[in-house]
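One file, model-v9.csv, is given below (CSV, C-alpha atoms and all ligand atoms).
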```csv
chain,number,residue,atom,x,y,z
A,1277,MET,CA,-24.1,-106.7,19.0
A,1278,LYS,CA,-25.8,-110.1,18.5
A,1279,ASN,CA,-26.8,-111.0,22.0
A,1280,PHE,CA,-27.7,-114.7,22.2
A,1281,TRP,CA,-28.6,-114.4,25.9
A,1282,LYS,CA,-31.7,-112.5,25.0
A,1283,LYS,CA,-33.0,-115.3,22.8
A,1284,LEU,CA,-32.6,-118.1,25.3
A,1285,ASN,CA,-35.8,-119.5,26.9
A,1286,LYS,CA,-35.8,-119.3,30.7
A,1287,PRO,CA,-34.8,-120.9,32.9
A,1288,ILE,CA,-31.4,-121.1,31.2
A,1289,LEU,CA,-29.5,-124.3,31.9
A,1290,ALA,CA,-25.8,-123.8,31.5
A,1291,LEU,CA,-22.8,-126.1,31.7
A,1292,ALA,CA,-20.5,-124.1,34.0
A,1293,PRO,CA,-16.8,-123.9,33.1
A,1294,MET,CA,-14.5,-126.6,34.5
A,1295,ALA,CA,-10.8,-126.6,33.7
A,1296,GLY,CA,-9.7,-130.0,32.6
A,1297,TYR,CA,-13.3,-131.1,31.9
A,1298,THR,CA,-15.4,-128.8,29.8
A,1299,THR,CA,-13.7,-129.9,26.6
A,1300,SER,CA,-15.4,-130.0,23.2
A,1301,PRO,CA,-16.6,-133.7,23.4
A,1302,PHE,CA,-18.0,-133.2,26.9
A,1303,ARG,CA,-19.7,-130.0,25.9
A,1304,GLN,CA,-21.2,-131.8,23.0
A,1305,ILE,CA,-22.5,-134.5,25.3
A,1306,CYS,CA,-24.0,-132.0,27.6
A,1307,LYS,CA,-25.6,-130.1,24.7
A,1308,TYR,CA,-27.0,-133.5,23.5
A,1309,HIS,CA,-28.5,-134.0,27.0
A,1310,GLY,CA,-30.2,-130.6,27.0
A,1311,ALA,CA,-27.8,-127.9,28.1
A,1312,ASP,CA,-28.8,-124.5,26.7
A,1313,VAL,CA,-25.4,-123.0,26.8
A,1314,VAL,CA,-21.9,-124.4,27.4
A,1315,TYR,CA,-18.7,-122.7,28.7
A,1316,SER,CA,-15.1,-123.5,27.8
A,1317,GLU,CA,-12.4,-124.2,30.3
A,1318,LEU,CA,-10.7,-121.1,31.4
A,1319,ALA,CA,-8.2,-119.7,28.9
A,1320,SER,CA,-5.4,-117.2,29.7
A,1321,ALA,CA,-5.9,-113.8,28.1
A,1322,THR,CA,-2.1,-113.2,28.5
A,1323,ALA,CA,-1.3,-116.5,26.7
A,1324,LEU,CA,-3.7,-115.6,23.9
A,1325,ASN,CA,-1.5,-112.5,23.3
A,1326,PHE,CA,1.7,-114.4,23.0
A,1327,GLU,CA,0.9,-117.9,21.9
A,1328,GLY,CA,-2.5,-117.5,20.4
A,1329,LYS,CA,-2.3,-120.3,17.9
A,1330,LYS,CA,-1.5,-122.9,20.6
A,1331,THR,CA,-4.5,-121.8,22.7
A,1332,LEU,CA,-6.7,-121.8,19.6
A,1333,LYS,CA,-6.5,-125.6,19.3
A,1334,PHE,CA,-7.8,-125.9,22.9
A,1335,LEU,CA,-10.7,-123.5,22.2
A,1336,GLU,CA,-12.0,-125.3,19.0
A,1337,PHE,CA,-15.7,-126.2,19.1
A,1338,ASP,CA,-18.2,-128.0,17.1
A,1339,LYS,CA,-21.3,-126.2,15.7
A,1340,SER,CA,-23.6,-128.5,17.8
A,1341,GLU,CA,-22.2,-126.8,21.0
A,1342,SER,CA,-23.7,-123.4,20.1
A,1343,PRO,CA,-24.2,-121.2,21.9
A,1344,PHE,CA,-20.6,-121.7,23.2
A,1345,ILE,CA,-18.9,-119.3,25.5
A,1346,VAL,CA,-15.1,-118.9,25.8
A,1347,GLN,CA,-14.0,-118.0,29.3
A,1348,LEU,CA,-10.9,-115.8,29.8
A,1349,PHE,CA,-8.9,-115.2,32.9
A,1350,GLY,CA,-6.1,-112.8,33.6
A,1351,ASN,CA,-4.9,-110.0,35.8
A,1352,ASP,CA,-3.8,-107.4,33.3
A,1353,PRO,CA,-6.5,-105.4,31.5
A,1354,LYS,CA,-4.1,-104.6,28.6
A,1355,TYR,CA,-4.2,-108.2,27.4
A,1356,PHE,CA,-8.0,-108.5,27.3
A,1357,CYS,CA,-8.7,-106.4,24.2
A,1358,ASN,CA,-6.4,-108.4,21.9
A,1359,ALA,CA,-7.5,-111.7,23.5
A,1360,ALA,CA,-11.2,-110.9,22.9
A,1361,LYS,CA,-10.5,-109.8,19.4
A,1362,PHE,CA,-8.5,-112.9,18.6
A,1363,VAL,CA,-11.1,-115.2,20.1
A,1364,SER,CA,-13.9,-113.4,18.3
A,1365,GLU,CA,-12.2,-113.6,14.9
A,1366,LYS,CA,-10.6,-117.0,15.1
A,1367,VAL,CA,-12.8,-119.1,17.4
A,1368,LYS,CA,-16.1,-117.3,16.7
A,1369,PRO,CA,-18.0,-118.3,19.9
A,1370,ALA,CA,-21.4,-116.9,20.8
A,1371,GLY,CA,-20.0,-115.0,23.8
A,1372,ILE,CA,-17.0,-114.3,26.0
A,1373,ASP,CA,-16.9,-114.7,29.8
A,1374,ILE,CA,-14.5,-113.4,32.3
A,1375,ASN,CA,-13.5,-115.5,35.3
A,1376,MET,CA,-13.8,-113.5,38.5
A,1377,GLY,CA,-14.3,-116.5,40.8
A,1378,CYS,CA,-11.4,-118.9,40.6
A,1379,PRO,CA,-9.8,-119.6,43.9
A,1380,ALA,CA,-6.9,-121.8,42.5
A,1381,LYS,CA,-3.6,-120.5,44.0
A,1382,LYS,CA,-1.9,-120.2,40.6
A,1383,VAL,CA,-4.8,-117.9,39.4
A,1384,PHE,CA,-5.7,-116.0,42.6
A,1385,SER,CA,-2.2,-115.2,43.9
A,1386,ASN,CA,-1.4,-113.2,40.8
A,1387,GLY,CA,-4.5,-111.1,41.0
A,1388,SER,CA,-6.7,-113.1,38.5
A,1389,GLY,CA,-10.0,-115.0,39.2
A,1390,ALA,CA,-11.6,-114.4,42.5
A,1391,ALA,CA,-8.9,-111.8,43.4
A,1392,LEU,CA,-10.7,-109.4,40.9
A,1393,MET,CA,-13.6,-109.1,43.3
A,1394,ASN,CA,-11.2,-107.4,45.7
A,1395,ASP,CA,-10.2,-104.9,43.0
A,1396,ALA,CA,-13.3,-103.6,41.4
A,1397,GLU,CA,-11.4,-100.9,39.5
A,1398,LYS,CA,-9.2,-103.5,37.8
A,1399,ALA,CA,-12.3,-105.7,37.2
A,1400,ARG,CA,-13.9,-102.7,35.5
A,1401,GLU,CA,-10.9,-102.1,33.3
A,1402,ILE,CA,-10.8,-105.8,32.3
A,1403,VAL,CA,-14.5,-105.7,31.2
A,1404,LYS,CA,-14.0,-102.4,29.3
A,1405,GLU,CA,-10.9,-103.7,27.5
A,1406,THR,CA,-12.7,-107.0,26.6
A,1407,LEU,CA,-15.7,-105.0,25.2
A,1408,LYS,CA,-13.3,-102.9,23.2
A,1409,GLY,CA,-12.0,-106.1,21.5
A,1410,THR,CA,-15.3,-107.7,20.6
A,1411,SER,CA,-18.9,-107.1,19.6
A,1412,LEU,CA,-19.9,-110.4,21.2
A,1413,PRO,CA,-21.8,-110.3,24.5
A,1414,VAL,CA,-19.4,-110.3,27.5
A,1415,SER,CA,-20.5,-112.0,30.7
A,1416,ILE,CA,-18.8,-112.5,34.1
A,1417,LYS,CA,-18.6,-115.3,36.6
A,1418,ILE,CA,-18.2,-114.4,40.2
A,1419,ARG,CA,-18.6,-115.8,43.8
A,1420,ALA,CA,-21.1,-114.9,46.5
A,1421,LYS,CA,-18.4,-113.4,48.6
A,1422,VAL,CA,-14.6,-112.8,48.6
A,1423,GLY,CA,-13.4,-111.5,51.9
A,1424,SER,CA,-15.8,-108.8,52.9
A,1425,VAL,CA,-16.8,-108.1,49.3
A,1426,THR,CA,-20.2,-109.6,48.6
A,1427,ALA,CA,-21.5,-110.3,45.1
A,1428,TYR,CA,-24.0,-107.5,45.5
A,1429,LYS,CA,-21.4,-104.9,46.6
A,1430,PHE,CA,-19.2,-105.9,43.7
A,1431,ILE,CA,-21.9,-105.8,41.0
A,1432,LYS,CA,-23.0,-102.4,42.2
A,1433,LYS,CA,-19.6,-101.1,41.2
A,1434,LEU,CA,-19.8,-102.7,37.7
A,1435,ASN,CA,-23.5,-102.2,37.0
A,1436,ASP,CA,-23.1,-99.3,34.6
A,1437,LEU,CA,-21.1,-101.5,32.2
A,1438,PRO,CA,-22.9,-103.4,29.5
A,1439,ILE,CA,-22.3,-106.9,31.0
A,1440,ALA,CA,-24.5,-109.4,29.2
A,1441,ALA,CA,-25.0,-112.0,31.9
A,1442,ILE,CA,-23.7,-113.0,35.4
A,1443,MET,CA,-23.1,-116.5,36.7
A,1444,ILE,CA,-22.7,-116.5,40.5
A,1445,HIS,CA,-21.2,-119.5,42.4
A,1446,GLY,CA,-23.1,-119.2,45.6
A,1447,ARG,CA,-20.2,-120.0,47.8
A,1448,SER,CA,-17.6,-117.7,49.3
A,1449,LEU,CA,-13.9,-117.9,48.4
A,1450,LYS,CA,-13.3,-119.3,51.9
A,1451,GLN,CA,-15.8,-122.1,51.3
A,1452,GLY,CA,-14.1,-123.1,48.1
A,1453,PHE,CA,-16.1,-125.9,46.5
A,1454,ALA,CA,-18.2,-127.2,49.4
A,1455,GLY,CA,-20.8,-126.0,51.9
A,1456,GLU,CA,-24.0,-124.1,52.0
A,1457,ILE,CA,-25.1,-121.9,49.1
A,1458,ASN,CA,-25.7,-118.2,49.8
A,1459,TYR,CA,-29.1,-117.9,48.1
A,1460,GLU,CA,-29.6,-114.4,49.5
A,1461,GLN,CA,-26.6,-113.0,47.6
A,1462,ILE,CA,-27.8,-114.4,44.3
A,1463,ARG,CA,-31.3,-113.0,45.0
A,1464,LYS,CA,-29.9,-109.6,45.8
A,1465,VAL,CA,-27.8,-109.4,42.6
A,1466,LYS,CA,-30.8,-110.6,40.6
A,1467,SER,CA,-32.9,-107.7,42.0
A,1468,LEU,CA,-30.2,-105.3,41.1
A,1469,VAL,CA,-29.5,-106.1,37.4
A,1470,ASP,CA,-31.6,-106.4,34.2
A,1471,VAL,CA,-29.5,-109.1,32.6
A,1472,PRO,CA,-29.7,-112.9,33.0
A,1473,VAL,CA,-28.3,-114.1,36.4
A,1474,LEU,CA,-27.3,-117.8,36.5
A,1475,ALA,CA,-27.1,-119.4,40.0
A,1476,ASN,CA,-24.4,-122.0,40.5
A,1477,GLY,CA,-23.2,-124.4,43.2
A,1478,GLY,CA,-24.3,-127.7,44.5
A,1479,ILE,CA,-26.8,-128.6,41.9
A,1480,ASN,CA,-26.7,-132.4,41.6
A,1481,SER,CA,-30.3,-133.3,41.0
A,1482,PRO,CA,-33.4,-131.8,39.4
A,1483,GLU,CA,-34.7,-131.1,42.9
A,1484,ASP,CA,-31.6,-129.1,43.7
A,1485,ALA,CA,-32.1,-127.1,40.5
A,1486,LYS,CA,-35.7,-126.3,41.4
A,1487,LYS,CA,-34.7,-125.2,44.9
A,1488,MET,CA,-31.9,-123.0,43.6
A,1489,LEU,CA,-34.3,-121.3,41.1
A,1490,SER,CA,-37.1,-120.7,43.6
A,1491,ARG,CA,-34.8,-119.5,46.4
A,1492,THR,CA,-32.8,-117.1,44.2
A,1493,GLY,CA,-35.3,-116.0,41.5
A,1494,ALA,CA,-32.4,-116.5,39.1
A,1495,ASP,CA,-33.0,-116.6,35.3
A,1496,GLY,CA,-31.1,-119.9,35.1
A,1497,ILE,CA,-28.6,-122.2,36.7
A,1498,GLY,CA,-25.0,-123.3,36.1
A,1499,ILE,CA,-24.2,-126.9,36.6
A,1500,ALA,CA,-20.6,-128.1,37.0
A,1501,ARG,CA,-19.8,-131.3,38.9
A,1502,GLY,CA,-23.4,-132.5,38.7
A,1503,ALA,CA,-23.0,-132.8,35.0
A,1504,LEU,CA,-19.9,-134.9,35.4
A,1505,THR,CA,-21.8,-137.7,37.1
A,1506,LYS,CA,-25.0,-137.1,35.1
A,1507,PRO,CA,-24.7,-135.1,31.8
A,1508,TRP,CA,-28.4,-135.9,31.4
A,1509,LEU,CA,-29.1,-133.8,34.5
A,1510,PHE,CA,-30.0,-131.0,32.0
A,1511,SER,CA,-32.9,-132.9,30.3
A,1512,GLN,CA,-34.0,-134.4,33.6
A,1513,THR,CA,-34.2,-130.9,35.1
A,1514,LYS,CA,-36.2,-129.6,32.2
A,1515,GLN,CA,-38.6,-132.6,32.6
A,1516,PHE,CA,-38.9,-131.9,36.3
A,1517,LEU,CA,-39.6,-128.2,36.0
A,1518,GLU,CA,-42.2,-128.8,33.3
A,1519,LYS,CA,-44.0,-131.8,34.6
A,1520,GLY,CA,-43.0,-132.2,38.2
A,1521,GLU,CA,-41.4,-135.6,37.6
A,1522,TYR,CA,-38.5,-137.0,35.6
A,1523,GLN,CA,-37.2,-140.3,34.3
A,1524,GLU,CA,-34.2,-141.8,36.2
A,1525,PHE,CA,-31.5,-143.3,34.0
A,1526,SER,CA,-31.1,-147.1,34.2
A,1527,LEU,CA,-27.7,-148.6,34.5
A,1528,GLU,CA,-28.0,-149.7,30.8
A,1529,GLU,CA,-28.8,-146.1,29.8
A,1530,ILE,CA,-25.8,-144.8,31.8
A,1531,LYS,CA,-23.5,-147.3,30.0
A,1532,LYS,CA,-25.0,-146.2,26.6
A,1533,ALA,CA,-24.5,-142.6,27.4
A,1534,ALA,CA,-20.9,-143.2,28.5
A,1535,ILE,CA,-20.1,-145.1,25.3
A,1536,LYS,CA,-21.6,-142.4,23.2
A,1537,HIS,CA,-19.4,-139.9,25.0
A,1538,ALA,CA,-16.3,-142.2,24.5
A,1539,ASN,CA,-17.2,-142.4,20.7
A,1540,MET,CA,-17.3,-138.6,20.5
A,1541,SER,CA,-14.1,-138.3,22.4
A,1542,TYR,CA,-12.4,-140.8,20.1
A,1543,GLN,CA,-13.7,-139.1,16.9
A,1544,SER,CA,-12.5,-135.7,18.2
A,1545,LYS,CA,-9.1,-136.7,19.6
A,1546,GLY,CA,-8.3,-140.2,18.5
A,1547,LYS,CA,-6.4,-142.4,21.0
A,1548,HIS,CA,-5.8,-139.4,23.2
A,1549,GLY,CA,-9.6,-139.0,23.4
A,1550,ILE,CA,-9.7,-142.5,25.0
A,1551,VAL,CA,-7.1,-141.6,27.6
A,1552,GLU,CA,-9.0,-138.4,28.3
A,1553,MET,CA,-12.2,-140.5,28.7
A,1554,ARG,CA,-10.8,-142.4,31.7
A,1555,LYS,CA,-11.4,-139.5,34.2
A,1556,TYR,CA,-15.0,-139.0,32.9
A,1557,LEU,CA,-15.7,-142.7,33.2
A,1558,LEU,CA,-14.8,-142.5,36.9
A,1559,TRP,CA,-17.4,-139.8,37.4
A,1560,TYR,CA,-20.1,-141.7,35.5
A,1561,PHE,CA,-19.7,-144.7,37.7
A,1562,ARG,CA,-19.1,-143.0,41.0
A,1563,GLY,CA,-20.8,-144.6,43.9
A,1564,PHE,CA,-21.7,-147.9,42.2
A,1565,GLU,CA,-21.4,-150.7,44.6
A,1566,ASN,CA,-19.3,-153.1,42.7
A,1567,ALA,CA,-17.5,-150.3,40.9
A,1568,LYS,CA,-14.3,-150.4,43.0
A,1569,GLU,CA,-12.7,-153.2,41.1
A,1570,VAL,CA,-14.1,-151.8,37.8
A,1571,ARG,CA,-12.6,-148.4,38.5
A,1572,LYS,CA,-9.1,-149.9,38.5
A,1573,GLU,CA,-9.8,-151.1,35.0
A,1574,LEU,CA,-11.5,-147.9,33.8
A,1575,VAL,CA,-8.3,-145.9,34.4
A,1576,GLN,CA,-6.4,-148.3,32.1
A,1577,VAL,CA,-8.7,-148.4,29.1
A,1578,GLU,CA,-6.9,-148.1,25.8
A,1579,SER,CA,-9.7,-148.4,23.2
A,1580,LEU,CA,-13.5,-148.2,22.6
A,1581,ARG,CA,-13.6,-152.0,22.8
A,1582,ASP,CA,-11.8,-151.9,26.1
A,1583,ILE,CA,-14.4,-149.5,27.5
A,1584,GLU,CA,-17.3,-151.6,26.3
A,1585,ARG,CA,-15.7,-154.7,27.8
A,1586,VAL,CA,-15.1,-153.1,31.2
A,1587,LEU,CA,-18.6,-151.5,31.4
A,1588,LYS,CA,-20.2,-155.0,30.8
A,1589,ASN,CA,-18.7,-155.9,34.2
A,1590,ILE,CA,-20.6,-153.2,36.1
A,1591,ILE,CA,-23.8,-154.6,37.5
B,1,LIG,C1,-12.5,-129.4,38.3
B,1,LIG,C2,-13.1,-128.0,38.3
B,1,LIG,C3,-12.6,-127.0,37.4
B,1,LIG,C4,-13.2,-125.8,37.4
B,1,LIG,N1,-12.8,-124.8,36.5
B,1,LIG,C5,-13.4,-123.6,36.4
B,1,LIG,C6,-13.0,-122.7,35.4
B,1,LIG,O1,-12.2,-123.0,34.5
B,1,LIG,N2,-13.6,-121.5,35.4
B,1,LIG,C7,-14.6,-121.2,36.3
B,1,LIG,O2,-15.1,-120.0,36.3
B,1,LIG,N3,-15.0,-122.0,37.3
B,1,LIG,C8,-14.4,-123.3,37.4
B,1,LIG,N4,-14.8,-124.2,38.3
B,1,LIG,C9,-16.0,-123.8,39.2
B,1,LIG,C10,-17.3,-124.3,38.6
B,1,LIG,O3,-17.6,-123.7,37.4
B,1,LIG,C11,-18.4,-124.1,39.6
B,1,LIG,O4,-18.5,-122.8,39.9
B,1,LIG,C12,-18.2,-124.9,41.0
B,1,LIG,O5,-17.7,-126.2,40.7
B,1,LIG,C13,-19.5,-125.0,41.8
B,1,LIG,O6,-20.5,-125.7,41.0
B,1,LIG,P1,-20.9,-127.2,41.3
B,1,LIG,O7,-21.2,-127.3,42.7
B,1,LIG,O8,-22.0,-127.4,40.4
B,1,LIG,O9,-19.7,-128.0,41.0
B,1,LIG,C14,-14.3,-125.4,38.3
B,1,LIG,C15,-14.7,-126.4,39.2
B,1,LIG,C16,-14.2,-127.7,39.2
B,1,LIG,C17,-14.7,-128.7,40.1
```
Is it possible to give me this structure as structure tokens?
Ligand SMILES: Cc1cc2nc3c(=O)[nH]c(=O)nc-3n(C[C@H](O)[C@H](O)[C@H](O)COP(=O)(O)O)c2cc1C
Amino acid sequence: MKNFWKKLNKPILALAPMAGYTTSPFRQICKYHGADVVYSELASATALNFEGKKTLKFLEFDKSESPFIVQLFGNDPKYFCNAAKFVSEKVKPAGIDINMGCPAKKVFSNGSGAALMNDAEKAREIVKETLKGTSLPVSIKIRAKVGSVTAYKFIKKLNDLPIAAIMIHGRSLKQGFAGEINYEQIRKVKSLVDVPVLANGGINSPEDAKKMLSRTGADGIGIARGALTKPWLFSQTKQFLEKGEYQEFSLEEIKKAAIKHANMSYQSKGKHGIVEMRKYLLWYFRGFENAKEVRKELVQVESLRDIERVLKNII
């Protein structure tokens, strides 16, 4: 088994998976700005068994994204072996991840995502089936707590399996996507396992990243929404961890970065890439004082020229 996780320098800076956002052009942008590893949006293991070709398109990636991880979700172990096999042969990513942390009703209510932390037996079966279907490293993404099950308790039940890495969103299921990070749980899991542990949740600045690493002792971090406002957060974090300071991006640099992203999106998806770009542009220019008016225009852009014109009006 080629395990890329073992070759990565620490701390590992990962782009965490985000449905609707961690598409190929966005992953390329994050890689360009210093991400060490990038995750796909979650993909259904069941769908891969029945409509694999359709899902294939959505999982395509560019070589520049490597190492790229495909994240699977599902509730039925029997679909994971084939899904992992199919992804390994057709998509050829560097690794496969299993979602055990998603709180979305559609996912959780049928026993997938975070619900798996309440059912360690099923979670074990899913990991085993996935491993049967692939020789790629298989990682998992979990939460700090689901009901009374802590990350530590859960990992203790899976610790004999050859899981290659663990990303922990340091919030409970109840907390959803806001609130304090449970550093303690991440630290406890880190002391229990020998594989890379990535700490995730609430990292929006290099200072947050440093705090997360020092409080948890984790081998790396996962950045999700922070990368939507600042894909360059990865390189800034590297600078900060190495030198104790980092370069802020000027407005002109932000505009340049957004235009680069738009170009990649267009190259990858044509006109649809521009439509897709609208939601990212809103993240890039969040919180800018005069951006209110501009935001109305950003959600209507139709071309690269349109984007350049609207961005000129942001001051
Ligand atoms: C829009 C959105 C989509 C997400 N989709 C996924 C997903 O597909 N798989 C997953 O494991 N986590 C998903 N997450 C959770 C993130 O990976 C991450 O754990 C969470 O946002 C906390 O990190 P942050 O505070 O850096 O945003 C998603 C989060 C957001 C905001």
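Nearest-residue note for ligand LIG 1 (chain B): choosing from A:Ile1499, A:Leu1574, A:Ala1538, A:Leu1474, the minimum distance belongs to A:Ile1499, counting only C-alpha atoms and all ligand atoms.
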For segment 1373-1386 of chain A: contacts at 8 Å, only C-alpha atoms, fewer than 3 positions along chain excluded, given as a PyMOL selection string | chain A and resi 1318+1345-1351+1389-1393+1403+1414-1419+1445+1449+1452
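Distances here use only C-alpha atoms; by that measure, the residue among A:Lys1408, A:Lys1514, A:Arg1562, A:Arg1501 closest to Gly1296 of chain A is A:Arg1501.
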_as an MDAnalysis selection string, please: the residues near Lys1487 of chain A (cut-off 12 Å, all atoms listed in the file, same-chain neighbours under 2 positions excluded)._
chainID A and resid 1457 1459 1475:1485 1489:1494 1496:1497 1513 1516:1517
Find the residues around Gly1371 of chain A up to 12 Å (all atoms listed in the file counted), leave out those fewer than 4 positions away in its own chain, and share them as a CSV table (one decimal) with C-alpha atoms, in the frame of the given file.
```csv
chain,number,residue,atom,x,y,z
A,1277,MET,CA,-24.1,-106.7,19.0
A,1278,LYS,CA,-25.8,-110.1,18.5
A,1279,ASN,CA,-26.8,-111.0,22.0
A,1280,PHE,CA,-27.7,-114.7,22.2
A,1281,TRP,CA,-28.6,-114.4,25.9
A,1313,VAL,CA,-25.4,-123.0,26.8
A,1314,VAL,CA,-21.9,-124.4,27.4
A,1315,TYR,CA,-18.7,-122.7,28.7
A,1316,SER,CA,-15.1,-123.5,27.8
A,1342,SER,CA,-23.7,-123.4,20.1
A,1343,PRO,CA,-24.2,-121.2,21.9
A,1344,PHE,CA,-20.6,-121.7,23.2
A,1345,ILE,CA,-18.9,-119.3,25.5
A,1346,VAL,CA,-15.1,-118.9,25.8
A,1347,GLN,CA,-14.0,-118.0,29.3
A,1348,LEU,CA,-10.9,-115.8,29.8
A,1360,ALA,CA,-11.2,-110.9,22.9
A,1361,LYS,CA,-10.5,-109.8,19.4
A,1363,VAL,CA,-11.1,-115.2,20.1
A,1364,SER,CA,-13.9,-113.4,18.3
A,1365,GLU,CA,-12.2,-113.6,14.9
A,1367,VAL,CA,-12.8,-119.1,17.4
A,1406,THR,CA,-12.7,-107.0,26.6
A,1407,LEU,CA,-15.7,-105.0,25.2
A,1410,THR,CA,-15.3,-107.7,20.6
A,1411,SER,CA,-18.9,-107.1,19.6
A,1412,LEU,CA,-19.9,-110.4,21.2
A,1413,PRO,CA,-21.8,-110.3,24.5
A,1414,VAL,CA,-19.4,-110.3,27.5
A,1415,SER,CA,-20.5,-112.0,30.7
A,1416,ILE,CA,-18.8,-112.5,34.1
A,1439,ILE,CA,-22.3,-106.9,31.0
A,1440,ALA,CA,-24.5,-109.4,29.2
A,1441,ALA,CA,-25.0,-112.0,31.9
```
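The list of residues with at least one atom within 10 Å of Val1551 of chain A, based on only C-alpha atoms and without residues fewer than 2 positions apart in the same chain, reads Ala1538, Ser1541, Tyr1542, Lys1545, Gly1546, Lys1547, His1548, Gly1549, Met1553, Arg1554, Lys1555, Tyr1556, Leu1574, Val1575, Gln1576, Val1577, Glu1578 and Ser1579 of chain A.
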Expected file: the selected residues, C-alpha atoms, as a PDB file, keeping the file's coordinate frame:
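Final output, saved to part_30.pdb:
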```pdb
ATOM      1  CA  ALA A1538     -16.300-142.200  24.500  1.00  0.00           C
ATOM      2  CA  SER A1541     -14.100-138.300  22.400  1.00  0.00           C
ATOM      3  CA  TYR A1542     -12.400-140.800  20.100  1.00  0.00           C
ATOM      4  CA  LYS A1545      -9.100-136.700  19.600  1.00  0.00           C
ATOM      5  CA  GLY A1546      -8.300-140.200  18.500  1.00  0.00           C
ATOM      6  CA  LYS A1547      -6.400-142.400  21.000  1.00  0.00           C
ATOM      7  CA  HIS A1548      -5.800-139.400  23.200  1.00  0.00           C
ATOM      8  CA  GLY A1549      -9.600-139.000  23.400  1.00  0.00           C
ATOM      9  CA  MET A1553     -12.200-140.500  28.700  1.00  0.00           C
ATOM     10  CA  ARG A1554     -10.800-142.400  31.700  1.00  0.00           C
ATOM     11  CA  LYS A1555     -11.400-139.500  34.200  1.00  0.00           C
ATOM     12  CA  TYR A1556     -15.000-139.000  32.900  1.00  0.00           C
ATOM     13  CA  LEU A1574     -11.500-147.900  33.800  1.00  0.00           C
ATOM     14  CA  VAL A1575      -8.300-145.900  34.400  1.00  0.00           C
ATOM     15  CA  GLN A1576      -6.400-148.300  32.100  1.00  0.00           C
ATOM     16  CA  VAL A1577      -8.700-148.400  29.100  1.00  0.00           C
ATOM     17  CA  GLU A1578      -6.900-148.100  25.800  1.00  0.00           C
ATOM     18  CA  SER A1579      -9.700-148.400  23.200  1.00  0.00           C
TER      19      SER A1579
END
```
Which residues are near Lys1531 of chain A? Cut-off 9 Å, only C-alpha atoms, ignore same chain within fewer than 5 positions. Put them as a PyMOL selection string.
chain A and resi 1526+1536+1560-1561+1584+1587-1588+1590
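Between atom CA of Tyr1308 of chain A and atom CA of Asn1539 of chain A there is a distance of 13.5 Å.
Among A:Asn1435, A:Ser1448, A:Ser1424, A:Thr1331, the residue with the shortest atom-to-atom distance to ligand LIG 1 (chain B), counting only C-alpha atoms and all ligand atoms, is A:Ser1448.
What separates atom CA of Glu1460 of chain A from atom CA of Met1443 of chain A is a distance of 14.5 Å.
Each of A:Gly1423, A:Gly1520, A:Gly1455, A:Pro1472 was compared to ligand LIG 1 (chain B) using all atoms listed in the file, and A:Gly1455 turns out to be the nearest.
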Using all atoms listed in the file, the residue out of A:Thr1322, A:Thr1426, A:Gln1451, A:Ser1340 with shortest distance to ligand LIG 1 (chain B) is A:Gln1451
Atom pair atom O9 of ligand LIG 1 (chain B) + atom CA of Leu1580 of chain A, distance 28.0 Å
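Nearest-residue note for Tyr1428 of chain A: choosing from A:Ile1583, A:Ile1442, A:Leu1558, A:Met1294, the minimum distance belongs to A:Ile1442, counting only C-alpha atoms.
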For ligand LIG 1 (chain B), what centre and edge lengths in Å (one decimal) does the axis-aligned box get once 8 Å is added on each side of all its listed atoms, as AutoDock Vina command-line options?
```
--center_x -17.1 --center_y -124.7 --center_z 38.6 --size_x 25.8 --size_y 25.4 --size_z 24.2
```
